[in-house]
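Have a look at start13.txt below; it lists compact mmCIF, C-alpha atoms.
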```
# COMPACT_ATOMS: atom_id res chain seq x y z
CA MET H 1447 0.00 0.00 0.00
CA ARG H 1448 1.26 3.45 -0.90
CA GLU H 1449 0.05 6.81 0.38
CA VAL H 1450 -0.85 10.04 -1.40
CA ASP H 1451 -2.79 13.12 -0.42
CA VAL H 1452 -5.60 12.94 -3.00
CA VAL H 1453 -7.07 10.29 -5.27
CA VAL H 1454 -9.36 11.59 -8.03
CA ALA H 1455 -11.73 8.92 -9.35
CA GLY H 1456 -12.34 9.92 -12.96
CA GLY H 1457 -10.29 11.86 -15.50
CA SER H 1458 -13.25 13.87 -16.80
CA ILE H 1459 -13.32 17.66 -17.07
CA ALA H 1460 -14.42 17.90 -13.43
CA GLY H 1461 -11.75 15.43 -12.30
CA LEU H 1462 -8.94 17.23 -14.14
CA ALA H 1463 -10.09 20.59 -12.78
CA ALA H 1464 -10.13 19.23 -9.23
CA ALA H 1465 -6.66 17.71 -9.66
CA ALA H 1466 -5.25 20.97 -11.04
CA ALA H 1467 -6.85 22.99 -8.25
CA LEU H 1468 -5.75 20.77 -5.35
CA ARG H 1469 -2.15 20.36 -6.50
CA GLU H 1470 -1.70 24.14 -6.07
CA SER H 1471 -1.41 23.63 -2.32
CA GLY H 1472 1.38 21.10 -2.83
CA MET H 1473 -0.82 18.04 -2.40
CA SER H 1474 0.18 14.90 -4.27
CA VAL H 1475 -2.70 13.94 -6.58
CA VAL H 1476 -3.32 10.63 -8.37
CA VAL H 1477 -5.95 10.64 -11.14
CA VAL H 1478 -7.59 7.30 -11.95
CA GLU H 1479 -8.37 7.55 -15.68
CA PRO H 1480 -10.64 4.84 -17.17
CA GLY H 1481 -9.69 5.69 -20.77
CA GLN H 1482 -13.16 6.20 -22.28
CA ARG H 1483 -13.54 6.39 -26.06
CA THR H 1484 -14.55 9.99 -26.71
CA ASP H 1485 -15.57 9.24 -30.31
CA ARG H 1486 -18.34 6.98 -29.00
CA ARG H 1487 -19.65 9.39 -26.42
CA LEU H 1488 -22.05 12.34 -26.66
CA ALA H 1489 -20.97 14.79 -23.98
CA GLY H 1490 -20.79 18.50 -23.25
CA GLU H 1491 -18.90 20.65 -25.72
CA MET H 1492 -19.82 24.16 -24.62
CA ILE H 1493 -18.25 25.97 -21.67
CA HIS H 1494 -19.67 29.24 -20.33
CA PRO H 1495 -17.34 32.24 -19.77
CA LEU H 1496 -16.99 31.39 -16.07
CA GLY H 1497 -15.72 27.92 -16.99
CA VAL H 1498 -13.28 29.26 -19.61
CA ALA H 1499 -11.89 31.67 -17.00
CA GLY H 1500 -11.58 28.76 -14.58
CA LEU H 1501 -9.53 26.71 -17.05
CA ARG H 1502 -7.18 29.65 -17.51
CA GLU H 1503 -6.84 30.10 -13.76
CA LEU H 1504 -6.00 26.42 -13.25
CA GLY H 1505 -3.36 26.34 -16.00
CA LEU H 1506 -5.40 23.99 -18.19
CA PHE H 1507 -6.07 26.36 -21.08
CA ALA H 1508 -3.50 26.94 -23.81
CA GLU H 1509 -4.48 29.30 -26.63
CA GLU H 1510 -2.66 27.35 -29.33
CA ALA H 1511 -4.28 24.05 -28.27
CA PHE H 1512 -7.76 25.50 -28.75
CA ALA H 1513 -7.11 27.34 -32.00
CA GLU H 1514 -10.09 25.66 -33.68
CA ALA H 1515 -12.49 26.29 -30.78
CA VAL H 1516 -15.41 28.61 -31.54
CA MET H 1517 -16.12 31.62 -29.38
CA ILE H 1518 -19.82 31.73 -28.42
CA HIS H 1519 -21.47 35.08 -27.60
CA GLY H 1520 -24.74 33.76 -26.17
CA PHE H 1521 -27.84 31.83 -27.21
CA ALA H 1522 -30.10 32.32 -30.21
CA VAL H 1523 -33.62 31.14 -29.41
CA ILE H 1524 -35.80 30.35 -32.46
CA PRO H 1525 -39.40 30.03 -31.19
CA ASP H 1526 -41.31 29.83 -34.49
CA ALA H 1527 -40.91 26.63 -36.51
CA GLY H 1528 -38.70 27.11 -39.55
CA ASP H 1529 -38.54 30.90 -39.17
CA ALA H 1530 -34.99 32.17 -38.57
CA SER H 1531 -36.27 35.77 -38.48
CA SER H 1532 -38.10 35.00 -35.20
CA LYS H 1533 -34.84 34.42 -33.33
CA ILE H 1534 -34.18 36.12 -30.01
CA ALA H 1535 -30.52 36.81 -29.17
CA LEU H 1536 -29.58 36.29 -25.52
CA ARG H 1537 -26.07 37.66 -25.08
CA TYR H 1538 -23.66 37.29 -22.21
CA GLY H 1539 -23.60 40.48 -20.13
CA ARG H 1540 -20.64 42.81 -20.33
CA GLN H 1541 -18.07 42.54 -17.54
CA ALA H 1542 -15.26 45.01 -16.86
CA GLY H 1543 -16.08 46.86 -20.08
CA ARG H 1544 -16.04 43.82 -22.35
CA ALA H 1545 -18.40 41.04 -23.36
CA PRO H 1546 -17.10 37.62 -22.24
CA CYS H 1547 -17.29 34.64 -24.59
CA ALA H 1548 -18.12 31.03 -24.04
CA MET H 1549 -16.21 28.31 -25.89
CA ALA H 1550 -17.51 25.40 -27.96
CA VAL H 1551 -15.23 22.67 -29.23
CA ASP H 1552 -15.33 19.01 -30.20
CA TYR H 1553 -15.44 16.93 -27.00
CA GLY H 1554 -12.61 14.62 -28.03
CA LEU H 1555 -10.29 17.55 -28.69
CA LEU H 1556 -11.32 19.18 -25.42
CA ARG H 1557 -10.54 16.06 -23.39
CA ARG H 1558 -7.18 15.51 -25.10
CA ASN H 1559 -6.08 19.11 -24.63
CA LEU H 1560 -7.06 19.28 -20.97
CA ASP H 1561 -5.52 15.87 -20.26
CA GLN H 1562 -2.22 16.92 -21.85
CA ALA H 1563 -2.22 20.19 -19.94
CA ALA H 1564 -2.87 18.42 -16.63
CA ARG H 1565 -0.05 15.95 -17.24
CA ARG H 1566 2.39 18.86 -17.56
CA LEU H 1567 1.51 20.15 -14.08
CA ASP H 1568 3.61 19.13 -11.09
CA HIS H 1569 2.23 17.04 -8.20
CA ILE H 1570 -0.21 15.18 -10.51
CA SER H 1571 0.24 11.58 -11.67
CA PHE H 1572 -2.10 9.30 -13.62
CA ILE H 1573 -3.10 5.65 -13.53
CA ASP H 1574 -4.40 5.07 -17.06
CA ASP H 1575 -6.97 2.54 -18.25
CA ALA H 1576 -7.90 1.95 -14.63
CA ARG H 1577 -11.01 1.95 -12.45
CA VAL H 1578 -11.71 2.18 -8.73
CA LYS H 1579 -12.70 -1.33 -7.63
CA SER H 1580 -13.53 -0.64 -3.98
CA VAL H 1581 -13.19 1.95 -1.23
CA ASP H 1582 -12.52 1.06 2.41
CA LEU H 1583 -13.80 3.73 4.82
CA THR H 1584 -12.90 1.93 8.05
CA ASP H 1585 -10.94 5.05 8.89
CA PRO H 1586 -13.21 7.84 7.56
CA LYS H 1587 -10.30 10.28 7.55
CA ALA H 1588 -8.06 8.00 5.45
CA PRO H 1589 -9.91 6.16 2.66
CA VAL H 1590 -8.17 3.13 1.19
CA VAL H 1591 -8.81 2.94 -2.55
CA SER H 1592 -8.32 -0.29 -4.52
CA ILE H 1593 -7.70 0.35 -8.20
CA GLU H 1594 -7.81 -2.12 -11.06
CA ALA H 1595 -5.03 -1.19 -13.48
CA PRO H 1596 -3.33 -2.97 -16.41
CA SER H 1597 -0.36 -3.70 -14.16
CA GLY H 1598 -2.56 -5.29 -11.48
CA LEU H 1599 -4.25 -4.15 -8.28
CA ASP H 1600 -3.02 -0.82 -6.91
CA VAL H 1601 -3.98 0.01 -3.31
CA ILE H 1602 -3.66 3.61 -2.13
CA ARG H 1603 -4.35 5.20 1.22
CA CYS H 1604 -5.22 8.89 0.85
CA ARG H 1605 -6.30 11.91 2.86
CA MET H 1606 -9.06 12.76 0.38
CA LEU H 1607 -11.00 10.91 -2.32
CA VAL H 1608 -12.53 13.14 -4.99
CA VAL H 1609 -15.36 11.42 -6.89
CA ALA H 1610 -15.61 12.68 -10.47
CA ASP H 1611 -16.95 9.72 -12.44
CA GLY H 1612 -20.15 11.29 -13.75
CA ALA H 1613 -23.87 11.27 -13.04
CA ALA H 1614 -24.03 7.45 -12.97
CA SER H 1615 -21.13 7.39 -10.50
CA ALA H 1616 -20.16 3.92 -9.32
CA VAL H 1617 -17.78 5.30 -6.69
CA ARG H 1618 -20.55 7.43 -5.15
CA SER H 1619 -22.47 4.20 -4.52
CA MET H 1620 -19.37 2.42 -3.19
CA VAL H 1621 -18.92 5.00 -0.43
CA GLY H 1622 -22.60 4.92 0.51
CA ILE H 1623 -23.83 8.32 -0.68
CA ALA H 1624 -27.41 7.76 -1.82
CA HIS H 1625 -28.99 9.58 -4.72
CA SER H 1626 -32.26 9.95 -6.59
CA ARG H 1627 -32.53 9.80 -10.37
CA ARG H 1628 -35.34 10.96 -12.67
CA SER H 1629 -34.95 10.20 -16.36
CA ILE H 1630 -36.08 13.09 -18.57
CA SER H 1631 -35.47 12.47 -22.27
CA ASN H 1632 -33.53 10.59 -24.93
CA ILE H 1633 -31.02 12.76 -26.76
CA SER H 1634 -29.55 11.94 -30.18
CA GLY H 1635 -26.57 13.89 -31.52
CA TYR H 1636 -25.11 14.39 -35.00
CA VAL H 1637 -22.19 16.33 -36.49
CA VAL H 1638 -23.10 18.46 -39.51
CA GLU H 1639 -20.28 19.41 -41.88
CA ASN H 1640 -20.06 22.90 -43.43
CA ALA H 1641 -22.96 23.93 -41.22
CA ALA H 1642 -25.10 26.94 -42.22
CA LEU H 1643 -26.36 27.85 -38.76
CA PRO H 1644 -28.95 30.66 -38.60
CA ALA H 1645 -26.89 32.61 -36.02
CA PRO H 1646 -23.14 31.88 -36.25
CA GLY H 1647 -21.29 32.45 -33.01
CA PHE H 1648 -24.32 31.53 -30.88
CA GLY H 1649 -25.66 28.39 -29.30
CA HIS H 1650 -29.06 27.58 -30.84
CA VAL H 1651 -32.23 26.59 -29.00
CA ILE H 1652 -34.91 25.74 -31.61
CA MET H 1653 -38.31 25.55 -29.93
CA GLY H 1654 -40.96 25.27 -32.62
CA GLY H 1655 -41.22 21.48 -32.90
CA SER H 1656 -42.51 18.72 -30.64
CA SER H 1657 -39.64 19.40 -28.24
CA VAL H 1658 -36.32 21.22 -28.64
CA VAL H 1659 -33.28 21.05 -30.93
CA LEU H 1660 -29.90 22.22 -29.64
CA ALA H 1661 -27.15 23.24 -32.07
CA TYR H 1662 -23.77 24.94 -31.82
CA GLU H 1663 -20.52 25.14 -33.75
CA ILE H 1664 -17.64 22.89 -32.66
CA GLY H 1665 -14.89 24.10 -35.02
CA ASN H 1666 -13.69 23.65 -38.59
CA GLY H 1667 -17.10 24.54 -39.99
CA ARG H 1668 -18.83 21.69 -38.14
CA ALA H 1669 -21.84 21.92 -35.84
CA ARG H 1670 -23.26 19.58 -33.22
CA VAL H 1671 -27.03 19.09 -33.46
CA MET H 1672 -28.94 17.34 -30.67
CA PHE H 1673 -32.55 16.16 -30.82
CA ASP H 1674 -34.42 15.91 -27.53
CA GLN H 1675 -37.27 13.39 -27.13
CA PRO H 1676 -39.01 13.65 -23.74
CA LEU H 1677 -39.91 10.31 -22.18
CA GLU H 1678 -43.29 11.59 -21.00
CA GLN H 1679 -44.39 12.80 -24.43
CA ASP H 1680 -47.18 10.59 -25.75
CA GLY H 1681 -48.67 10.20 -29.21
CA LEU H 1682 -45.52 10.48 -31.33
CA THR H 1683 -43.31 7.67 -32.59
CA PRO H 1684 -39.54 8.38 -32.63
CA VAL H 1685 -39.72 8.88 -36.42
CA ASP H 1686 -42.67 11.28 -36.17
CA HIS H 1687 -40.92 13.16 -33.38
CA ARG H 1688 -37.74 13.50 -35.43
CA GLU H 1689 -39.70 14.78 -38.42
CA ALA H 1690 -41.48 17.34 -36.25
CA LEU H 1691 -38.16 18.56 -34.90
CA LEU H 1692 -36.65 18.71 -38.39
CA ALA H 1693 -39.54 20.86 -39.58
CA ALA H 1694 -38.72 23.41 -36.87
CA ILE H 1695 -35.15 23.95 -38.12
CA PRO H 1696 -34.84 26.91 -40.54
CA GLU H 1697 -33.49 26.37 -44.04
CA PRO H 1698 -30.83 25.86 -45.38
CA PHE H 1699 -29.63 24.31 -42.13
CA ARG H 1700 -32.66 21.98 -42.10
CA HIS H 1701 -31.60 20.40 -45.39
CA GLN H 1702 -28.05 19.87 -44.10
CA VAL H 1703 -29.32 18.22 -40.93
CA ALA H 1704 -31.74 15.99 -42.87
CA GLU H 1705 -28.93 14.79 -45.16
CA THR H 1706 -26.70 14.12 -42.15
CA ILE H 1707 -29.38 12.07 -40.39
CA ARG H 1708 -29.81 9.98 -43.54
CA VAL H 1709 -26.18 8.78 -43.59
CA GLN H 1710 -24.81 9.22 -40.07
CA LYS H 1711 -25.31 6.96 -37.07
CA PRO H 1712 -26.17 9.14 -34.06
CA LEU H 1713 -24.57 9.18 -30.66
CA GLY H 1714 -27.02 9.26 -27.80
CA PHE H 1715 -27.71 9.19 -24.09
CA ARG H 1716 -30.63 9.47 -21.68
CA SER H 1717 -30.68 12.79 -19.87
CA ALA H 1718 -31.56 12.63 -16.19
CA GLU H 1719 -31.91 14.75 -13.11
CA VAL H 1720 -29.65 13.31 -10.40
CA ILE H 1721 -29.66 14.56 -6.81
CA ALA H 1722 -27.07 13.24 -4.35
CA GLU H 1723 -28.12 13.23 -0.71
CA ALA H 1724 -24.79 14.84 0.30
CA THR H 1725 -21.74 16.44 -1.29
CA HIS H 1726 -19.32 14.60 1.00
CA LYS H 1727 -18.93 11.73 3.45
CA GLY H 1728 -15.91 11.62 5.72
CA ALA H 1729 -12.90 12.36 3.49
CA VAL H 1730 -14.86 11.64 0.28
CA VAL H 1731 -16.18 14.60 -1.75
CA LEU H 1732 -18.23 14.74 -4.97
CA VAL H 1733 -17.54 17.08 -7.90
CA GLY H 1734 -19.18 17.64 -11.27
CA ASP H 1735 -22.11 15.46 -12.33
CA ALA H 1736 -21.28 12.91 -9.63
CA GLY H 1737 -22.62 15.52 -7.19
CA GLY H 1738 -25.80 16.08 -9.21
CA SER H 1739 -26.90 16.80 -12.74
CA CYS H 1740 -29.83 18.23 -14.71
CA HIS H 1741 -31.02 18.39 -18.31
CA PRO H 1742 -28.23 19.69 -20.63
CA LEU H 1743 -30.44 22.41 -22.18
CA THR H 1744 -28.59 25.13 -20.24
CA ALA H 1745 -25.12 23.74 -21.16
CA THR H 1746 -23.90 24.25 -17.60
CA GLY H 1747 -22.44 20.79 -16.88
CA MET H 1748 -18.80 21.40 -17.72
CA THR H 1749 -18.77 24.88 -16.23
CA VAL H 1750 -20.09 23.46 -12.95
CA GLY H 1751 -17.42 20.74 -13.01
CA ILE H 1752 -14.63 23.26 -13.51
CA SER H 1753 -16.03 25.59 -10.87
CA ASP H 1754 -16.36 22.72 -8.36
CA GLY H 1755 -12.59 22.20 -8.43
CA ILE H 1756 -12.02 25.89 -7.71
CA ARG H 1757 -14.70 25.91 -4.98
CA LEU H 1758 -13.08 22.90 -3.32
CA ARG H 1759 -9.63 24.51 -3.47
CA ASP H 1760 -10.94 27.75 -1.99
CA ALA H 1761 -12.76 25.90 0.81
CA LEU H 1762 -9.54 24.06 1.75
CA ARG H 1763 -7.63 27.32 1.76
CA ARG H 1764 -10.22 28.72 4.16
CA HIS H 1765 -10.00 25.68 6.48
CA PRO H 1766 -6.58 24.10 5.77
CA ALA H 1767 -6.43 22.16 9.01
CA ASP H 1768 -9.99 20.83 9.04
CA PHE H 1769 -11.26 18.89 6.01
CA GLU H 1770 -14.71 18.47 7.56
CA LYS H 1771 -15.22 22.24 7.83
CA ALA H 1772 -13.78 22.72 4.36
CA PHE H 1773 -16.17 20.16 2.86
CA ARG H 1774 -19.17 21.75 4.59
CA HIS H 1775 -18.10 25.14 3.21
CA TYR H 1776 -17.74 23.62 -0.25
CA GLY H 1777 -21.17 22.00 0.01
CA ARG H 1778 -22.87 25.28 0.88
CA ALA H 1779 -21.19 27.08 -2.02
CA ARG H 1780 -22.06 24.30 -4.46
CA ARG H 1781 -25.67 24.12 -3.31
CA ARG H 1782 -26.27 27.71 -4.41
CA THR H 1783 -25.18 26.81 -7.92
CA GLN H 1784 -27.23 23.63 -8.11
CA ARG H 1785 -30.46 25.23 -6.88
CA SER H 1786 -30.66 28.00 -9.47
CA ARG H 1787 -29.23 25.75 -12.22
CA ARG H 1788 -31.76 23.01 -11.62
CA MET H 1789 -34.73 25.36 -11.39
CA VAL H 1790 -33.89 27.06 -14.70
CA ALA H 1791 -33.04 23.84 -16.57
CA THR H 1792 -36.22 22.06 -15.48
CA ALA H 1793 -38.48 25.03 -16.21
CA LEU H 1794 -36.94 25.69 -19.64
CA HIS H 1795 -37.16 22.07 -20.72
CA ASP H 1796 -40.80 21.82 -19.65
CA VAL H 1797 -41.65 25.02 -21.51
CA CYS H 1798 -39.90 23.77 -24.66
CA SER H 1799 -41.20 20.20 -24.67
CA ARG H 1800 -44.54 19.91 -22.88
CA ARG H 1801 -47.91 20.95 -24.31
CA GLU H 1802 -50.17 21.51 -21.28
CA PRO H 1803 -52.18 24.75 -21.62
CA GLU H 1804 -50.58 26.35 -18.56
CA LEU H 1805 -47.10 25.67 -19.94
CA ARG H 1806 -48.07 27.27 -23.24
CA VAL H 1807 -48.99 30.35 -21.22
CA VAL H 1808 -45.56 30.27 -19.54
CA ARG H 1809 -43.89 29.83 -22.94
CA SER H 1810 -45.60 32.89 -24.41
CA GLY H 1811 -44.69 34.82 -21.25
CA LEU H 1812 -41.05 33.77 -21.52
CA LEU H 1813 -40.78 34.94 -25.13
CA ARG H 1814 -42.54 38.21 -24.28
CA TYR H 1815 -40.16 38.70 -21.34
CA TRP H 1816 -37.07 38.16 -23.49
CA ARG H 1817 -38.34 40.45 -26.22
CA ARG H 1818 -39.25 43.19 -23.78
CA ASP H 1819 -35.78 44.71 -23.42
CA ASP H 1820 -32.10 43.82 -23.22
CA ARG H 1821 -32.16 43.82 -19.41
CA SER H 1822 -34.59 40.89 -19.30
CA ALA H 1823 -32.43 38.80 -21.61
CA ALA H 1824 -29.29 39.77 -19.67
CA ALA H 1825 -30.90 38.73 -16.36
CA THR H 1826 -31.67 35.30 -17.82
CA MET H 1827 -28.15 34.90 -19.20
CA ALA H 1828 -26.63 35.85 -15.84
CA ILE H 1829 -28.34 32.79 -14.33
CA LEU H 1830 -27.56 30.51 -17.28
CA ALA H 1831 -23.90 31.58 -17.23
CA MET H 1832 -23.83 31.21 -13.42
CA THR H 1833 -22.66 34.74 -12.72
CA ASP H 1834 -25.86 35.16 -10.67
CA LEU H 1835 -26.29 32.17 -8.37
CA ARG H 1836 -29.08 33.51 -6.17
CA ILE H 1837 -32.15 31.27 -6.05
CA SER H 1838 -34.14 34.46 -5.37
CA SER H 1839 -33.09 35.80 -8.80
CA ALA H 1840 -34.30 32.65 -10.56
CA PHE H 1841 -37.54 32.72 -8.56
CA TRP H 1842 -38.33 36.38 -9.30
CA GLN H 1843 -37.58 35.91 -12.98
CA PHE H 1844 -39.92 32.95 -13.02
CA LEU H 1845 -42.67 35.11 -11.49
CA LYS H 1846 -42.03 37.86 -14.06
CA VAL H 1847 -42.33 35.32 -16.86
CA ILE H 1848 -45.68 34.14 -15.46
CA ARG H 1849 -46.88 37.76 -15.24
CA HIS H 1850 -46.02 38.31 -18.91
CA GLY H 1851 -47.76 35.05 -19.77
CA LEU H 1852 -50.92 36.14 -17.99
CA VAL H 1853 -50.94 39.39 -19.97
CA GLU H 1854 -50.80 37.37 -23.20
CA TYR H 1855 -53.48 35.02 -21.87
CA TRP H 1856 -56.01 37.77 -21.11
CA CYS H 1857 -55.54 39.14 -24.62
CA ASN H 1858 -56.15 35.76 -26.27
CA ASP H 1859 -59.76 34.51 -26.45
CA GLU H 1860 -58.72 31.06 -27.67
CA ALA H 1861 -56.37 30.61 -24.71
CA ARG H 1862 -59.14 31.50 -22.26
CA ARG H 1863 -61.44 28.93 -23.88
CA GLN H 1864 -58.78 26.22 -23.56
CA ILE H 1865 -58.19 26.78 -19.86
CA PRO H 1866 -60.49 28.76 -17.51
CA PRO H 1867 -58.83 31.48 -15.40
CA ALA H 1868 -59.39 29.70 -12.09
CA LYS H 1869 -57.89 26.47 -13.40
CA LEU H 1870 -54.93 28.36 -14.88
CA VAL H 1871 -54.15 30.18 -11.62
CA THR H 1872 -54.30 26.89 -9.69
CA ALA H 1873 -52.04 25.14 -12.21
CA LEU H 1874 -49.49 27.98 -12.24
CA GLY H 1875 -49.44 28.15 -8.44
CA SER H 1876 -48.89 24.41 -8.13
CA MET H 1877 -46.15 24.52 -10.76
CA THR H 1878 -44.35 27.37 -8.97
CA ILE H 1879 -44.41 25.55 -5.64
CA GLN H 1880 -43.11 22.35 -7.28
CA ARG H 1881 -40.26 24.17 -9.04
CA VAL H 1882 -39.10 25.98 -5.91
CA GLY H 1883 -39.46 22.91 -3.70
CA ALA H 1884 -37.51 20.72 -6.11
CA SER H 1885 -34.76 23.31 -6.43
CA LEU H 1886 -34.32 23.62 -2.67
CA ARG H 1887 -33.62 19.87 -2.48
CA ALA H 1888 -30.62 20.18 -4.82
CA ARG H 1889 -27.12 19.69 -3.39
```
Kindly present the structure from the file in structure tokens form.
Amino acid sequence: MREVDVVVAGGSIAGLAAAAALRESGMSVVVVEPGQRTDRRLAGEMIHPLGVAGLRELGLFAEEAFAEAVMIHGFAVIPDAGDASSKIALRYGRQAGRAPCAMAVDYGLLRRNLDQAARRLDHISFIDDARVKSVDLTDPKAPVVSIEAPSGLDVIRCRMLVVADGAASAVRSMVGIAHSRRSISNISGYVVENAALPAPGFGHVIMGGSSVVLAYEIGNGRARVMFDQPLEQDGLTPVDHREALLAAIPEPFRHQVAETIRVQKPLGFRSAEVIAEATHKGAVVLVGDAGGSCHPLTATGMTVGISDGIRLRDALRRHPADFEKAFRHYGRARRRTQRSRRMVATALHDVCSRREPELRVVRSGLLRYWRRDDRSAAATMAILAMTDLRISSAFWQFLKVIRHGLVEYWCNDEARRQIPPAKLVTALGSMTIQRVGASLRAR
């Protein structure tokens, strides 16, 4: 048995960020890297400005390595099926006199670049093509981690185990941290060559179909397109659903996507909302999706993973002699992020994909709110980009959206025939309570 300060279970974006952050204090860090095939995996490829800044701060971002990355200035929402002129531009707010940019890049290139950068940092070593087999917490302050590696079984005693193996974390279960999981939708992804996106330099949220289509550039003229099929949506076969989503994409991009679907096998995964019952247990701490995840509509997953490493580092700097206090501090800071993130992601996905009358009212209110003025769009982007982490901000914006929806409702005779005012008020009140209650349970 050998001893190190930190074992990081998982060489994902969150795991690499945590390793880079913790080694700054001189800790010896071992990263257990399972060696996943990135070409067979559909994963996050867009990082918000806060995450890009975090990579720079941790020494994981090299300009020349990301020369083909695309700078993203915000989101372009296309609410009317097939009509690019209906788009609403949601831009990142200006900071220190300049507008920050997000970054979008092919996931395989992102992983390779960050992995290479991490391997150049001191105090970090890797066990490649390996997995954590078991964790012994007999001494809660000194976990003993058994690792299956090509060379055989490696047993390491450490002062801290960082769990960064994703939303379906096996190590989280090994250490006895329970979680709940709610499956949301099936997502299929394609890569379109020479893409003619309606709004270059923006992430696209196309809302006019049976659910939502996400699209963004990933470099070298290519774009990632993802089709979302909610599990609770009845009455449509997968083929009918795909055709409805295709019809919502404006031309000429629609034609390019249709041709790609005809010849390309998609990558896919099932999106889920995962809530862990705790962010830590003894000397074990969760980062990234292992600590909780939500629908990828808001593209916050990688930014949260990067920020978790920085939050953990800052908590340990605040309480260097007491890991338990540091982990509690980290948990409180992370909870703020998860609450607002989860509330916005769930609400947006419901508005985009569900067809209940009350949600159509919320949808019309959301579009009216965004079109009202630049401040409304900026307030939304501050939450999406995680520069405003207050749950109160997300809650008040949600109420403003409902108010705008009610204005549209009272002006629409057909809407009032579909759902009586008393029933609408009851439905909206119940929905608000559910959203807030669910968000407060996030870790």
Check your understanding: Which residues, written as a PyMOL selection string, have at least one atom at most 10 Å from H:Val1452, with all atoms listed in the file counted and residues fewer than 6 positions away on the same chain left out?
Key -> chain H and resi 1464-1465+1468-1469+1473-1477+1570+1589+1602-1608+1729-1730
Check your understanding: From the list H:Arg1781, H:His1494, H:Arg1787, H:His1741, which residue is nearest H:Ala1724 when using all atoms listed in the file?
Key -> H:Arg1781
Review point. So what do you get for atom CA of H:Met1877 versus atom CA of H:Phe1673, distance-wise?
Key: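 About the pair atom CA of H:Met1877 and atom CA of H:Phe1673: they are 25.6 Å apart.
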Review point. With all atoms listed in the file as the atoms that count, which of H:Ala1564, H:Leu1660, H:Ala1779, H:Val1581 lies nearest to H:Val1703?
Key: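 Among H:Ala1564, H:Leu1660, H:Ala1779, H:Val1581, it is H:Leu1660 that comes nearest to H:Val1703.
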Around all the atoms of stretch 1803-1818 of chain H listed in the file, with 6 Å of room on each side, what axis-aligned box do you get, giving centre and edge lengths in Å to one decimal, as JSON?
```
{"center_x": -44.6, "center_y": 34.0, "center_z": -22.4, "size_x": 27.1, "size_y": 30.4, "size_z": 19.7}
```
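Counting from atom CA of H:Asp1819, the distance to atom CA of H:Gln1843 is 13.8 Å.
Checking H:Met1492, H:Val1453, H:Val1551, H:Val1733 one by one against H:Ala1588, counting all atoms listed in the file, you find the shortest gap at H:Val1453.
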Check your understanding: Using only C-alpha atoms, which of the listed residues (H:Pro1525, H:Gly1777, H:Glu1509, H:Val1498) sits closest to H:Trp1816?
Key ->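 Closest candidate: H:Pro1525.
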Practice item. Quick one: everything within 10 Å of stretch 1555-1562 of chain H, counting only C-alpha atoms, minus sequence neighbours fewer than 4 positions away in the same chain. Send it as a ChimeraX atom specification. Key: /H:1457-1459,1462-1463,1479,1484-1485,1490-1492,1501,1505-1508,1511-1512,1514-1515,1550-1551,1566-1567,1572,1664
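Atom CA of H:Leu1504 is positioned 25.7 Å from atom CA of H:Lys1727.
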Review point. Out of H:Gln1702, H:Thr1725, H:Gln1784, H:Thr1584, which residue has the shortest atom-to-atom distance to H:Leu1643 when counting all atoms listed in the file?
Key: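 Nearest to H:Leu1643: H:Gln1702.
Closest approach to H:Cys1740 among H:Ala1613, H:Ile1534, H:Ala1624, H:Ala1642: H:Ala1613, based on all atoms listed in the file.
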Closest contacts (stretch 1497-1591 of chain H/stretch 1820-1835 of chain H, max 7 Å, all atoms listed in the file) as JSON lines:
```
{"residue": "H:Leu1536", "atom": "CA", "partner": "H:Ala1823", "partner_atom": "CA", "distance": 5.5}
{"residue": "H:Arg1537", "atom": "CA", "partner": "H:Ala1824", "partner_atom": "CA", "distance": 6.6}
{"residue": "H:Tyr1538", "atom": "CA", "partner": "H:Met1827", "partner_atom": "CA", "distance": 5.9}
{"residue": "H:Gly1539", "atom": "CA", "partner": "H:Ala1824", "partner_atom": "CA", "distance": 5.8}
```
Practice item. Would you kindly identify which residues have an atom no farther than 12 Å from (-17.7, 16.4, -1.0), using all atoms listed in the file and the file's own coordinates, and write them out as a PyMOL selection string? Key: chain H and resi 1454+1464+1606-1610+1618+1621+1623+1722-1734+1736-1738+1754-1755+1757-1759+1761-1762+1769-1781+1889
Counting all atoms listed in the file, what is within 12 Å of H:Ala1693, bar same-chain residues fewer than 6 positions away, as a compact mmCIF listing (two decimals) with C-alpha atoms, in the frame of the given file?
```
# COMPACT_ATOMS: atom_id res chain seq x y z
CA ASP H 1526 -41.31 29.83 -34.49
CA ALA H 1527 -40.91 26.63 -36.51
CA GLY H 1528 -38.70 27.11 -39.55
CA ASP H 1529 -38.54 30.90 -39.17
CA ILE H 1652 -34.91 25.74 -31.61
CA MET H 1653 -38.31 25.55 -29.93
CA GLY H 1654 -40.96 25.27 -32.62
CA GLY H 1655 -41.22 21.48 -32.90
CA SER H 1656 -42.51 18.72 -30.64
CA SER H 1657 -39.64 19.40 -28.24
CA VAL H 1658 -36.32 21.22 -28.64
CA VAL H 1659 -33.28 21.05 -30.93
CA ASP H 1686 -42.67 11.28 -36.17
CA HIS H 1687 -40.92 13.16 -33.38
CA PHE H 1699 -29.63 24.31 -42.13
CA ARG H 1700 -32.66 21.98 -42.10
CA HIS H 1701 -31.60 20.40 -45.39
CA VAL H 1703 -29.32 18.22 -40.93
CA ALA H 1704 -31.74 15.99 -42.87
```
Practice item. For H:Gln1864, please output as a list in words all residues within 8 Å (counting only C-alpha atoms; exclusion window: fewer than 3 positions along the same chain). Key: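 Here the qualifying residues turn out to be Pro1803, Glu1860 and Ala1861 of chain H.
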